[in-house]
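Listing of input.txt, compact mmCIF, C-alpha atoms
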```
# COMPACT_ATOMS: atom_id res chain seq x y z
CA MET A 1 -8.35 -9.42 -3.82
CA THR A 2 -6.29 -11.15 -1.12
CA ARG A 3 -2.92 -12.49 -2.22
CA PRO A 4 -2.96 -16.32 -2.59
CA ALA A 5 -0.98 -18.25 0.05
CA GLY A 6 1.37 -19.80 -2.55
CA VAL A 7 2.35 -16.41 -3.91
CA ALA A 8 2.98 -15.14 -0.38
CA ALA A 9 5.29 -18.11 0.30
CA VAL A 10 7.28 -17.44 -2.88
CA LEU A 11 7.60 -13.76 -1.95
CA ARG A 12 8.78 -14.69 1.57
CA PHE A 13 11.43 -16.98 0.07
CA ALA A 14 12.56 -14.26 -2.35
CA ARG A 15 12.76 -11.71 0.49
CA ARG A 16 14.89 -14.00 2.65
CA HIS A 17 17.33 -14.32 -0.21
CA ALA A 18 17.30 -10.58 -0.79
CA GLY A 19 18.09 -10.09 2.93
CA ARG A 20 14.83 -8.24 3.46
CA ASP A 21 12.79 -10.58 5.64
CA PHE A 22 11.18 -8.02 7.96
CA THR A 23 9.86 -10.59 10.43
CA GLY A 24 13.35 -12.11 10.72
CA ARG A 25 14.90 -8.67 11.17
CA VAL A 26 12.48 -7.89 13.99
CA ARG A 27 13.21 -11.24 15.63
CA ASP A 28 16.97 -10.76 15.27
CA ALA A 29 16.60 -7.38 17.01
CA GLY A 30 15.01 -9.18 19.97
CA LEU A 31 11.63 -7.56 19.43
CA ASP A 32 8.19 -9.10 19.71
CA LEU A 33 5.83 -6.75 17.92
CA ARG A 34 2.40 -7.79 19.09
CA PRO A 35 -0.73 -5.64 19.32
CA VAL A 36 -1.03 -3.83 22.66
CA SER A 37 -4.40 -2.11 22.20
CA VAL A 38 -6.92 -0.77 19.71
CA GLU A 39 -6.73 2.86 20.73
CA THR A 40 -7.51 4.13 17.23
CA LEU A 41 -10.06 2.94 14.69
CA GLN A 42 -8.89 4.24 11.32
CA LEU A 43 -11.55 4.19 8.62
CA ASN A 44 -10.62 4.55 4.96
CA ILE A 45 -14.07 5.55 3.75
CA THR A 46 -13.30 6.33 0.10
CA ARG A 47 -10.50 6.21 -2.44
CA LEU A 48 -12.06 9.14 -4.32
CA CYS A 49 -9.89 12.26 -4.16
CA ASN A 50 -9.77 15.64 -5.85
CA GLN A 51 -5.96 15.31 -6.14
CA VAL A 52 -3.58 12.83 -7.78
CA CYS A 53 -0.42 12.89 -5.66
CA ARG A 54 2.80 11.26 -6.84
CA HIS A 55 3.47 9.49 -3.55
CA CYS A 56 -0.11 8.36 -2.81
CA HIS A 57 -0.10 4.85 -1.34
CA VAL A 58 -3.86 4.63 -1.89
CA ASP A 59 -3.67 5.39 -5.65
CA ALA A 60 -6.49 7.84 -4.88
CA SER A 61 -7.81 10.07 -7.68
CA PRO A 62 -10.99 11.73 -9.02
CA ALA A 63 -11.63 8.52 -11.00
CA ARG A 64 -11.91 6.22 -7.95
CA ARG A 65 -15.41 5.28 -6.78
CA GLU A 66 -14.89 3.04 -3.72
CA MET A 67 -17.14 4.24 -0.89
CA MET A 68 -17.82 2.74 2.51
CA SER A 69 -21.45 1.63 2.69
CA ALA A 70 -23.91 3.31 5.07
CA GLU A 71 -24.20 -0.07 6.80
CA ALA A 72 -20.43 -0.20 7.43
CA ILE A 73 -20.48 3.35 8.80
CA ASP A 74 -23.36 2.43 11.12
CA ARG A 75 -21.43 -0.62 12.24
CA SER A 76 -18.27 1.42 12.91
CA LEU A 77 -20.23 3.84 15.08
CA ALA A 78 -21.81 0.90 16.90
CA LEU A 79 -18.31 -0.46 17.63
CA LEU A 80 -17.27 2.87 19.11
CA ALA A 81 -20.39 2.85 21.27
CA GLN A 82 -19.66 -0.71 22.39
CA HIS A 83 -15.91 -0.35 23.08
CA ALA A 84 -14.99 2.61 25.29
CA SER A 85 -11.31 1.65 24.97
CA ILE A 86 -11.33 2.76 21.32
CA ALA A 87 -10.71 6.39 22.13
CA LYS A 88 -9.98 7.80 18.70
CA LEU A 89 -11.59 7.73 15.27
CA ASP A 90 -9.17 8.51 12.43
CA ILE A 91 -11.00 9.18 9.14
CA THR A 92 -8.99 8.91 5.96
CA GLY A 93 -9.29 8.27 2.24
CA GLY A 94 -8.88 9.51 -0.58
CA ALA A 95 -10.41 12.73 0.52
CA PRO A 96 -12.86 11.46 3.16
CA GLU A 97 -14.95 14.66 3.02
CA LEU A 98 -16.13 13.55 -0.44
CA HIS A 99 -18.05 10.63 1.08
CA PRO A 100 -21.80 11.38 1.28
CA ASP A 101 -21.95 10.14 4.91
CA PHE A 102 -18.83 11.95 6.10
CA ALA A 103 -20.71 14.50 8.23
CA ARG A 104 -22.92 11.80 9.76
CA LEU A 105 -19.84 9.79 10.72
CA VAL A 106 -18.12 12.76 12.37
CA GLU A 107 -21.28 13.83 14.21
CA GLY A 108 -21.96 10.27 15.35
CA ALA A 109 -18.46 9.78 16.75
CA ARG A 110 -18.45 13.17 18.47
CA ALA A 111 -21.83 12.37 20.02
CA LEU A 112 -20.07 9.34 21.51
CA SER A 113 -17.39 11.72 22.88
CA ARG A 114 -14.68 10.21 20.71
CA HIS A 115 -11.63 12.16 19.59
CA VAL A 116 -12.05 12.53 15.83
CA MET A 117 -9.15 13.07 13.43
CA VAL A 118 -9.66 13.84 9.75
CA ARG A 119 -6.90 13.41 7.16
CA HIS A 120 -7.77 16.59 5.28
CA ASN A 121 -5.89 17.44 2.06
CA LEU A 122 -6.73 21.20 2.31
CA THR A 123 -7.54 21.72 -1.39
CA VAL A 124 -10.82 19.83 -1.05
CA GLN A 125 -12.17 22.99 0.63
CA LEU A 126 -11.66 24.84 -2.65
CA ASP A 127 -12.11 22.28 -5.44
CA PRO A 128 -15.60 21.24 -6.55
CA HIS A 129 -16.66 17.69 -5.59
CA PRO A 130 -15.30 15.49 -8.44
CA ILE A 131 -18.68 13.74 -8.86
CA THR A 132 -21.39 16.18 -7.76
CA GLY A 133 -19.59 19.48 -8.38
CA ALA A 134 -20.73 20.67 -4.94
CA SER A 135 -18.64 23.13 -2.92
CA LEU A 136 -17.04 21.98 0.34
CA ALA A 137 -16.18 25.48 1.52
CA HIS A 138 -18.11 24.83 4.75
CA LEU A 139 -15.49 22.37 6.02
CA PRO A 140 -13.42 24.71 8.28
CA GLU A 141 -16.55 25.79 10.16
CA PHE A 142 -17.81 22.18 10.31
CA PHE A 143 -14.48 20.94 11.68
CA ALA A 144 -14.38 23.71 14.29
CA ARG A 145 -17.98 23.16 15.38
CA HIS A 146 -17.27 19.48 16.03
CA ARG A 147 -13.78 20.12 17.40
CA VAL A 148 -12.22 17.75 14.92
CA GLU A 149 -8.42 17.37 14.87
CA VAL A 150 -7.34 18.30 11.35
CA ILE A 151 -4.25 16.58 9.93
CA SER A 152 -3.12 17.97 6.59
CA SER A 153 -0.34 17.18 4.16
CA LEU A 154 1.87 20.10 3.26
CA PRO A 155 5.04 18.56 1.83
CA TYR A 156 7.01 21.78 2.33
CA TYR A 157 6.70 25.44 3.27
CA GLN A 158 7.56 26.36 -0.32
CA ALA A 159 5.78 25.69 -3.62
CA TYR A 160 8.64 23.76 -5.24
CA PHE A 161 8.32 20.47 -3.33
CA THR A 162 4.60 20.80 -2.64
CA ASP A 163 3.56 21.25 -6.26
CA ALA A 164 6.04 18.59 -7.45
CA GLN A 165 4.33 16.07 -5.22
CA ARG A 166 0.70 17.15 -5.16
CA GLY A 167 0.18 18.97 -8.45
CA SER A 168 0.67 22.41 -9.94
CA GLY A 169 -1.00 25.18 -7.93
CA VAL A 170 -1.62 23.00 -4.87
CA PHE A 171 0.71 25.05 -2.65
CA GLU A 172 -1.20 28.30 -3.22
CA LYS A 173 -4.55 26.58 -2.67
CA SER A 174 -3.22 24.90 0.47
CA LEU A 175 -2.21 28.30 1.87
CA GLU A 176 -5.71 29.64 1.28
CA ALA A 177 -7.25 26.59 2.96
CA LEU A 178 -4.91 27.03 5.94
CA ARG A 179 -5.94 30.70 6.20
CA ARG A 180 -9.58 29.58 6.44
CA LEU A 181 -8.73 27.02 9.14
CA ASN A 182 -6.71 29.63 11.07
CA ALA A 183 -9.70 31.99 10.82
CA GLN A 184 -11.78 29.39 12.69
CA GLY A 185 -9.16 29.26 15.46
CA TYR A 186 -7.22 26.24 14.19
CA GLY A 187 -3.55 26.39 15.15
CA ALA A 188 -4.09 29.10 17.81
CA GLN A 189 -2.50 28.14 21.13
CA ASP A 190 -5.55 28.65 23.31
CA SER A 191 -8.34 27.50 20.98
CA GLY A 192 -7.95 23.76 21.56
CA LEU A 193 -8.48 23.28 17.83
CA GLN A 194 -5.62 21.11 16.61
CA LEU A 195 -4.17 21.63 13.16
CA ASN A 196 -1.27 19.30 12.49
CA LEU A 197 0.71 19.30 9.26
CA VAL A 198 2.36 16.37 7.55
CA TYR A 199 5.72 16.46 5.78
CA ASN A 200 6.77 13.64 3.55
CA PRO A 201 9.73 13.59 1.17
CA VAL A 202 9.02 14.23 -2.50
CA GLY A 203 11.36 11.46 -3.62
CA PRO A 204 13.17 8.34 -2.43
CA TYR A 205 14.88 9.76 0.62
CA LEU A 206 14.14 9.81 4.34
CA PRO A 207 12.51 12.72 6.16
CA ALA A 208 14.67 15.20 8.05
CA ALA A 209 14.46 15.24 11.85
CA GLN A 210 10.90 16.14 12.86
CA ALA A 211 11.71 18.78 15.50
CA GLY A 212 14.04 20.80 13.27
CA LEU A 213 11.68 20.69 10.32
CA GLU A 214 8.75 21.70 12.53
CA ALA A 215 10.72 24.75 13.67
CA ASP A 216 11.45 25.65 10.03
CA TYR A 217 7.78 25.29 9.05
CA ARG A 218 6.62 27.36 12.03
CA ARG A 219 9.09 30.17 11.33
CA GLU A 220 8.58 30.29 7.56
CA LEU A 221 4.79 29.87 7.45
CA LEU A 222 4.33 32.60 10.05
CA ALA A 223 6.88 35.02 8.60
CA LYS A 224 5.92 34.65 4.95
CA PHE A 225 2.21 33.85 5.10
CA GLY A 226 1.02 34.63 8.64
CA LEU A 227 -0.08 31.00 9.14
CA ARG A 228 -0.11 28.95 12.34
CA PHE A 229 -0.31 25.24 13.10
CA ASN A 230 0.26 22.99 16.10
CA SER A 231 2.62 20.13 15.23
CA LEU A 232 4.42 18.77 12.20
CA TYR A 233 4.47 15.02 11.56
CA THR A 234 7.21 13.60 9.35
CA ILE A 235 6.13 10.52 7.42
CA THR A 236 8.29 8.25 5.25
CA ASN A 237 7.02 7.40 1.77
CA MET A 238 5.88 3.80 1.52
CA PRO A 239 7.30 1.84 -1.43
CA ILE A 240 3.89 0.64 -2.58
CA ASN A 241 1.35 1.43 -5.29
CA ARG A 242 1.82 4.76 -7.11
CA PHE A 243 5.10 5.66 -5.39
CA ARG A 244 6.50 2.17 -6.05
CA LEU A 245 5.51 2.44 -9.71
CA HIS A 246 7.32 5.78 -9.93
CA LEU A 247 10.41 4.25 -8.29
CA GLU A 248 10.37 1.25 -10.61
CA LYS A 249 9.93 3.38 -13.73
CA SER A 250 12.81 5.63 -12.70
CA GLY A 251 15.05 2.69 -11.72
CA GLN A 252 15.17 3.74 -8.05
CA TYR A 253 13.11 1.03 -6.32
CA GLU A 254 15.99 -1.25 -5.29
CA ALA A 255 18.10 1.67 -4.03
CA TYR A 256 15.17 2.99 -1.97
CA MET A 257 14.52 -0.43 -0.43
CA GLU A 258 18.22 -0.76 0.39
CA LYS A 259 18.08 2.64 2.08
CA LEU A 260 15.03 1.67 4.17
CA VAL A 261 16.52 -1.71 5.15
CA ALA A 262 19.88 -0.15 6.06
CA ALA A 263 18.12 2.45 8.23
CA PHE A 264 16.16 -0.16 10.25
CA ASN A 265 15.92 1.16 13.80
CA PRO A 266 14.76 -1.25 16.54
CA THR A 267 13.66 1.64 18.78
CA ALA A 268 11.48 3.02 15.97
CA ALA A 269 10.11 -0.48 15.36
CA GLU A 270 8.86 -0.74 18.94
CA GLY A 271 6.59 2.25 18.35
CA VAL A 272 4.97 1.14 15.09
CA MET A 273 1.35 2.23 14.88
CA CYS A 274 -0.05 -1.23 14.01
CA ARG A 275 0.33 -2.12 17.70
CA THR A 276 -2.32 0.41 18.77
CA LEU A 277 -4.42 0.95 15.65
CA VAL A 278 -6.68 -1.04 13.38
CA SER A 279 -7.49 0.01 9.83
CA VAL A 280 -10.81 -0.59 8.09
CA ASP A 281 -11.39 -0.57 4.32
CA HIS A 282 -14.51 0.62 2.51
CA GLU A 283 -15.98 -2.88 2.69
CA GLY A 284 -15.45 -3.20 6.43
CA ARG A 285 -12.42 -5.52 6.31
CA LEU A 286 -9.76 -5.08 8.98
CA TYR A 287 -6.03 -4.50 8.49
CA ASP A 288 -3.05 -3.78 10.71
CA CYS A 289 -2.62 -0.40 8.99
CA ASP A 290 -3.66 1.60 5.93
CA PHE A 291 -0.57 0.39 4.06
CA ASN A 292 -1.41 -3.29 4.59
CA GLN A 293 -4.91 -2.40 3.41
CA MET A 294 -3.50 -1.05 0.15
CA VAL A 295 -1.43 -4.18 -0.54
CA ASP A 296 -4.29 -6.56 0.34
CA LEU A 297 -2.69 -7.94 3.47
CA PRO A 298 -5.66 -8.42 5.81
CA ALA A 299 -5.67 -8.92 9.56
CA ARG A 300 -6.54 -12.55 10.21
CA GLY A 301 -8.21 -14.34 13.09
CA ARG A 302 -7.03 -17.45 14.92
CA ASP A 303 -8.42 -19.69 12.17
CA GLY A 304 -6.78 -17.65 9.41
CA ARG A 305 -9.96 -15.98 8.17
CA PRO A 306 -9.79 -12.27 7.29
CA LEU A 307 -11.32 -10.16 10.06
CA SER A 308 -14.07 -7.60 9.55
CA ILE A 309 -16.06 -5.02 11.50
CA PHE A 310 -19.13 -7.19 10.99
CA GLU A 311 -17.70 -9.93 13.24
CA PHE A 312 -15.60 -7.77 15.52
CA ASP A 313 -14.05 -9.49 18.52
CA LEU A 314 -11.65 -7.20 20.37
CA ASP A 315 -9.93 -10.06 22.23
CA GLU A 316 -9.34 -11.94 18.99
CA LEU A 317 -8.06 -8.77 17.37
CA LEU A 318 -5.60 -8.17 20.22
CA SER A 319 -4.31 -11.74 19.97
CA ARG A 320 -3.72 -11.54 16.21
CA ARG A 321 -0.29 -11.74 14.66
CA ILE A 322 0.51 -8.49 12.84
CA ALA A 323 1.18 -9.10 9.12
CA PHE A 324 4.53 -7.75 7.95
CA ASP A 325 5.94 -7.24 4.47
CA ASP A 326 8.76 -5.32 2.76
CA HIS A 327 6.98 -1.97 3.03
CA CYS A 328 7.10 -2.21 6.85
CA TYR A 329 10.73 -1.08 6.61
CA GLY A 330 9.21 2.33 5.77
CA CYS A 331 7.84 2.60 9.32
CA THR A 332 11.06 1.48 11.02
CA ALA A 333 13.66 3.51 9.10
CA GLY A 334 15.57 6.23 10.90
CA ALA A 335 13.38 8.04 13.40
CA GLY A 336 10.42 5.85 12.41
CA SER A 337 7.16 6.79 10.73
CA SER A 338 3.51 6.55 11.60
CA CYS A 339 0.24 8.40 11.03
CA GLY A 340 1.35 10.53 13.99
CA GLY A 341 4.84 11.17 12.59
CA ALA A 342 8.20 9.96 13.90
CA THR A 343 8.11 7.19 16.52
CA VAL A 344 11.35 8.03 18.35
CA MET B 1 31.06 -0.94 -21.54
CA SER B 2 33.31 0.35 -18.77
CA HIS B 3 33.24 3.93 -17.48
CA TYR B 4 35.01 5.99 -14.87
CA TYR B 5 32.70 7.13 -12.06
CA GLU B 6 30.10 4.34 -12.13
CA SER B 7 27.33 5.43 -9.72
CA ASP B 8 27.15 1.87 -8.29
CA ASP B 9 30.78 2.25 -7.21
CA LEU B 10 29.67 4.56 -4.41
CA LYS B 11 28.41 1.44 -2.60
CA LYS B 12 31.97 0.09 -2.70
CA PHE B 13 33.39 3.02 -0.72
CA GLY B 14 33.67 0.76 2.33
CA ASP B 15 35.88 -1.58 0.29
CA ILE B 16 38.80 0.84 0.54
CA GLY B 17 39.59 -1.10 3.72
CA LYS B 18 40.39 -4.19 1.69
CA HIS B 19 44.03 -3.17 2.06
CA ALA B 20 45.51 -1.13 4.93
CA LYS B 21 42.29 -1.73 6.84
CA ALA B 22 43.35 0.00 10.05
CA LEU B 23 43.81 3.27 8.23
CA ALA B 24 40.43 2.92 6.50
CA ASP B 25 38.80 2.19 9.87
CA ASP B 26 40.40 5.32 11.31
CA PHE B 27 39.17 7.35 8.35
CA PHE B 28 35.57 6.09 8.54
CA LYS B 29 35.42 6.71 12.28
CA TYR B 30 36.70 10.25 11.78
CA TYR B 31 34.32 10.72 8.83
CA ALA B 32 31.30 9.59 10.86
CA ASN B 33 32.25 11.75 13.84
CA ALA B 34 32.85 14.83 11.68
CA THR B 35 29.79 14.62 9.42
CA GLY B 36 27.21 12.34 11.02
CA THR B 37 26.54 14.06 14.32
CA ASP B 38 25.07 17.30 15.56
CA GLY B 39 27.90 19.20 17.22
CA ALA B 40 28.73 22.90 17.30
CA LEU B 41 27.45 22.70 13.72
CA SER B 42 24.23 20.87 12.94
CA LYS B 43 24.17 17.86 10.61
CA ARG B 44 22.27 20.11 8.20
CA GLU B 45 25.06 22.71 8.16
CA LYS B 46 27.70 20.02 7.79
CA ALA B 47 25.83 18.51 4.82
CA LEU B 48 25.69 21.91 3.09
CA ILE B 49 29.45 22.38 3.61
CA ALA B 50 30.08 18.89 2.23
CA LEU B 51 27.85 19.62 -0.77
CA ALA B 52 29.84 22.77 -1.51
CA VAL B 53 33.16 20.91 -1.17
CA ALA B 54 31.80 18.11 -3.40
CA HIS B 55 31.22 20.67 -6.15
CA ALA B 56 34.53 22.44 -5.64
CA MET B 57 36.35 19.12 -5.83
CA LYS B 58 34.07 17.95 -8.68
CA CYS B 59 33.27 14.58 -7.09
CA PRO B 60 30.15 13.04 -8.67
CA TYR B 61 29.85 10.43 -5.90
CA CYS B 62 29.83 13.13 -3.25
CA ILE B 63 27.41 15.33 -5.18
CA ASP B 64 24.87 12.46 -5.31
CA ALA B 65 25.45 11.51 -1.69
CA TYR B 66 25.26 15.04 -0.29
CA THR B 67 22.31 16.13 -2.42
CA THR B 68 20.40 13.33 -0.69
CA GLN B 69 21.96 14.10 2.69
CA CYS B 70 20.98 17.77 2.38
CA LEU B 71 17.37 16.80 1.68
CA GLU B 72 17.40 14.29 4.54
CA THR B 73 18.63 16.94 6.95
CA GLY B 74 15.97 19.43 5.90
CA SER B 75 17.66 21.75 3.42
CA ASN B 76 15.79 23.00 0.38
CA PRO B 77 17.09 23.55 -3.18
CA GLU B 78 17.58 27.30 -2.63
CA GLN B 79 19.85 26.67 0.34
CA MET B 80 21.72 23.93 -1.53
CA MET B 81 22.25 26.13 -4.56
CA GLU B 82 23.47 28.99 -2.38
CA ALA B 83 26.05 26.60 -0.89
CA VAL B 84 27.23 25.72 -4.43
CA HIS B 85 27.49 29.42 -5.24
CA VAL B 86 29.68 29.88 -2.17
CA ALA B 87 31.97 27.14 -3.52
CA ALA B 88 31.92 28.77 -6.96
CA VAL B 89 32.79 32.28 -5.76
CA MET B 90 35.48 30.90 -3.48
CA GLN B 91 37.06 29.21 -6.48
CA ALA B 92 36.69 32.38 -8.57
CA GLY B 93 38.08 34.49 -5.73
CA ILE B 94 41.00 32.12 -5.26
CA THR B 95 41.80 32.45 -8.96
CA LEU B 96 41.40 36.24 -8.92
CA VAL B 97 43.35 36.87 -5.74
CA HIS B 98 46.33 35.23 -7.43
CA SER B 99 46.32 38.14 -9.88
CA VAL B 100 47.91 40.15 -7.05
CA GLN B 101 50.93 37.87 -7.48
CA MET B 102 50.77 38.54 -11.21
CA GLN B 103 50.67 42.28 -10.58
CA ASN B 104 53.54 42.08 -8.08
CA HIS B 105 55.64 40.30 -10.66
CA LEU B 106 54.53 42.66 -13.42
CA GLU B 107 55.69 45.60 -11.34
CA LYS B 108 59.08 43.95 -10.92
CA LEU B 109 59.37 43.34 -14.65
CA VAL B 110 57.90 46.67 -15.74
CA PRO B 111 59.07 49.21 -13.16
```
Rendering of file as structure tokens:
Amino acid sequence: MTRPAGVAAVLRFARRHAGRDFTGRVRDAGLDLRPVSVETLQLNITRLCNQVCRHCHVDASPARREMMSAEAIDRSLALLAQHASIAKLDITGGAPELHPDFARLVEGARALSRHVMVRHNLTVQLDPHPITGASLAHLPEFFARHRVEVISSLPYYQAYFTDAQRGSGVFEKSLEALRRLNAQGYGAQDSGLQLNLVYNPVGPYLPAAQAGLEADYRRELLAKFGLRFNSLYTITNMPINRFRLHLEKSGQYEAYMEKLVAAFNPTAAEGVMCRTLVSVDHEGRLYDCDFNQMVDLPARGRDGRPLSIFEFDLDELLSRRIAFDDHCYGCTAGAGSSCGGATV
Amino acid sequence: MSHYYESDDLKKFGDIGKHAKALADDFFKYYANATGTDGALSKREKALIALAVAHAMKCPYCIDAYTTQCLETGSNPEQMMEAVHVAAVMQAGITLVHSVQMQNHLEKLVP
């Protein structure tokens, strides 16, 4: 449900008094963060997941049932066919592979010669489908056949942080899933099959510098497990949904927000992903990013109506005003954060 | 109830410049240059040294601050704990090496 305008006004007032008004901070930094393109169409096709991660901004779990309709998937493919400028399809969830039309979506986008990225949690290769019980062991071969870019969370190259964040035993299963991807050629220099890993902190602190951490991952994963990957993306935890609840319960929410606000970096802000991406929910509604989607902050047209893929106007979308809120400080802290990692 | 070492007091560190501000400014500039930049040592290495010193000097503010700083510069708990062990054995060694002085004096007293 979209947040009522009155509530939004009260929240804006409260933020100004808490010194957290993101829009004001951007303005004070002399920045004008407008959309520059829609290079990436990011579809969140389901909130169903085989995992229950502590930091998950989607609140995804095996109990969720939201699924993008076949009609919305058809419409998304039609938009790709219609707009050559949308070069990339980024498929996320939940675990998007659990959607019954996942394969059709990938095949359709590849038939349109689009670059396809899948946010793949690794363990879904090994766990049974939470609803049907079916095996998804075919995924590495499927990804390779369609030359999908695989982007996978691995919070650390050791079990301690990984299992703390994603559940007991997830690290070992993730290693096995990575072995299967490597066996298809993923992560090999000359294969052209991109396997990118994602680091995010387990708690309320900022990620380490991306380049140094990538070097650590590369050295340790190869030396200890014989595993290869292409790039590491560092992503800051967003103070929303499940992670926010954890912070509030442990009395750390205010301190984390203060840390994000204090680390505001204008250079990182210039590269925020909402300027080149549009996010779509399972009902076809449009958002500036997946985080805005999860806090019900829709992209709006000139007349204030929420935008959707069913009345898609690229010019109107490019002239929209990006909706900002407190969580946006997560993308502008330190070296910045986006679905493609650091922004500076 | 009032306590020594309130964790919120860490935020007031900057307030040491309330009096003798020029000296505080000098200190914070030196502090930032020494710990906050990659130099001949990386920020990660500097954070591990600071974590070890924080334990040796038993400063709860510094332990909190440098536990976070170590994580934010990419260290893991094994590396952090090894740094604390270095501090611990240094302290033990410093205590033990003084026993040479004890033995020297013993030999004077008991020829």
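Proximity of B:Leu71, B:Met57, B:Met81, B:Ile94 to Pro204 of chain A, computed with all atoms listed in the file, is greatest for B:Leu71.
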* Could you work out how far atom CA of Lys224 of chain A lies from atom CA of Leu41 of chain B, giving the answer in Å with one decimal? -> 26.1 Å
* To do: Excluding Ala60 of chain A and residues on its chain fewer than 4 positions from it, collect all residues at most 7 Å away from it, counting all atoms listed in the file, and give them as an NGL selection string.
  => :A and (47-49 or 52 or 56 or 64 or 94)
Using all atoms listed in the file, I'd like every residue of chain B that has an atom within 8 Å of chain A; please write them out as a PDB file with C-alpha atoms, in the coordinates of the input.
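Saved the output as part.pdb:
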```pdb
ATOM      1  CA  THR B  68      20.400  13.330  -0.690  1.00  0.00           C
ATOM      2  CA  LEU B  71      17.370  16.800   1.680  1.00  0.00           C
ATOM      3  CA  GLU B  72      17.400  14.290   4.540  1.00  0.00           C
ATOM      4  CA  THR B  73      18.630  16.940   6.950  1.00  0.00           C
ATOM      5  CA  GLY B  74      15.970  19.430   5.900  1.00  0.00           C
TER       6      GLY B  74
END
```
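Distance check against Pro306 of chain A using only C-alpha atoms: of A:Gly169, A:Gly284, A:Gly271, A:Gly336, the minimum falls on A:Gly284.
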* segment 9-15 of chain B environment, 9 Å, only C-alpha atoms, sequence neighbours closer than 6 positions dropped, as a list of chain:residue names -> B:Ala24, B:Phe28, B:Tyr61, B:Cys62, B:Ala65
* **Shell around Val58 of chain A at 9 Å using all atoms listed in the file, local window under 2 positions removed, as an MDAnalysis selection string** => chainID A and resid 47 55:56 60:61 93:94 240:242 290:291 293:294
With C-alpha atoms retained, write the just-selected residues as a PDB file, keeping the file's coordinate frame.
```
ATOM      1  CA  ARG A  47     -10.500   6.210  -2.440  1.00  0.00           C
ATOM      2  CA  HIS A  55       3.470   9.490  -3.550  1.00  0.00           C
ATOM      3  CA  CYS A  56      -0.110   8.360  -2.810  1.00  0.00           C
ATOM      4  CA  ALA A  60      -6.490   7.840  -4.880  1.00  0.00           C
ATOM      5  CA  SER A  61      -7.810  10.070  -7.680  1.00  0.00           C
ATOM      6  CA  GLY A  93      -9.290   8.270   2.240  1.00  0.00           C
ATOM      7  CA  GLY A  94      -8.880   9.510  -0.580  1.00  0.00           C
ATOM      8  CA  ILE A 240       3.890   0.640  -2.580  1.00  0.00           C
ATOM      9  CA  ASN A 241       1.350   1.430  -5.290  1.00  0.00           C
ATOM     10  CA  ARG A 242       1.820   4.760  -7.110  1.00  0.00           C
ATOM     11  CA  ASP A 290      -3.660   1.600   5.930  1.00  0.00           C
ATOM     12  CA  PHE A 291      -0.570   0.390   4.060  1.00  0.00           C
ATOM     13  CA  GLN A 293      -4.910  -2.400   3.410  1.00  0.00           C
ATOM     14  CA  MET A 294      -3.500  -1.050   0.150  1.00  0.00           C
TER      15      MET A 294
END
```
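Excluding Ala111 of chain A itself and same-chain residues fewer than 6 positions from it, the residues having an atom within 12 Å of it are Leu77, Ala78, Leu80, Ala81, Arg104, Leu105, His146 and Arg147 of chain A, counting all atoms listed in the file.
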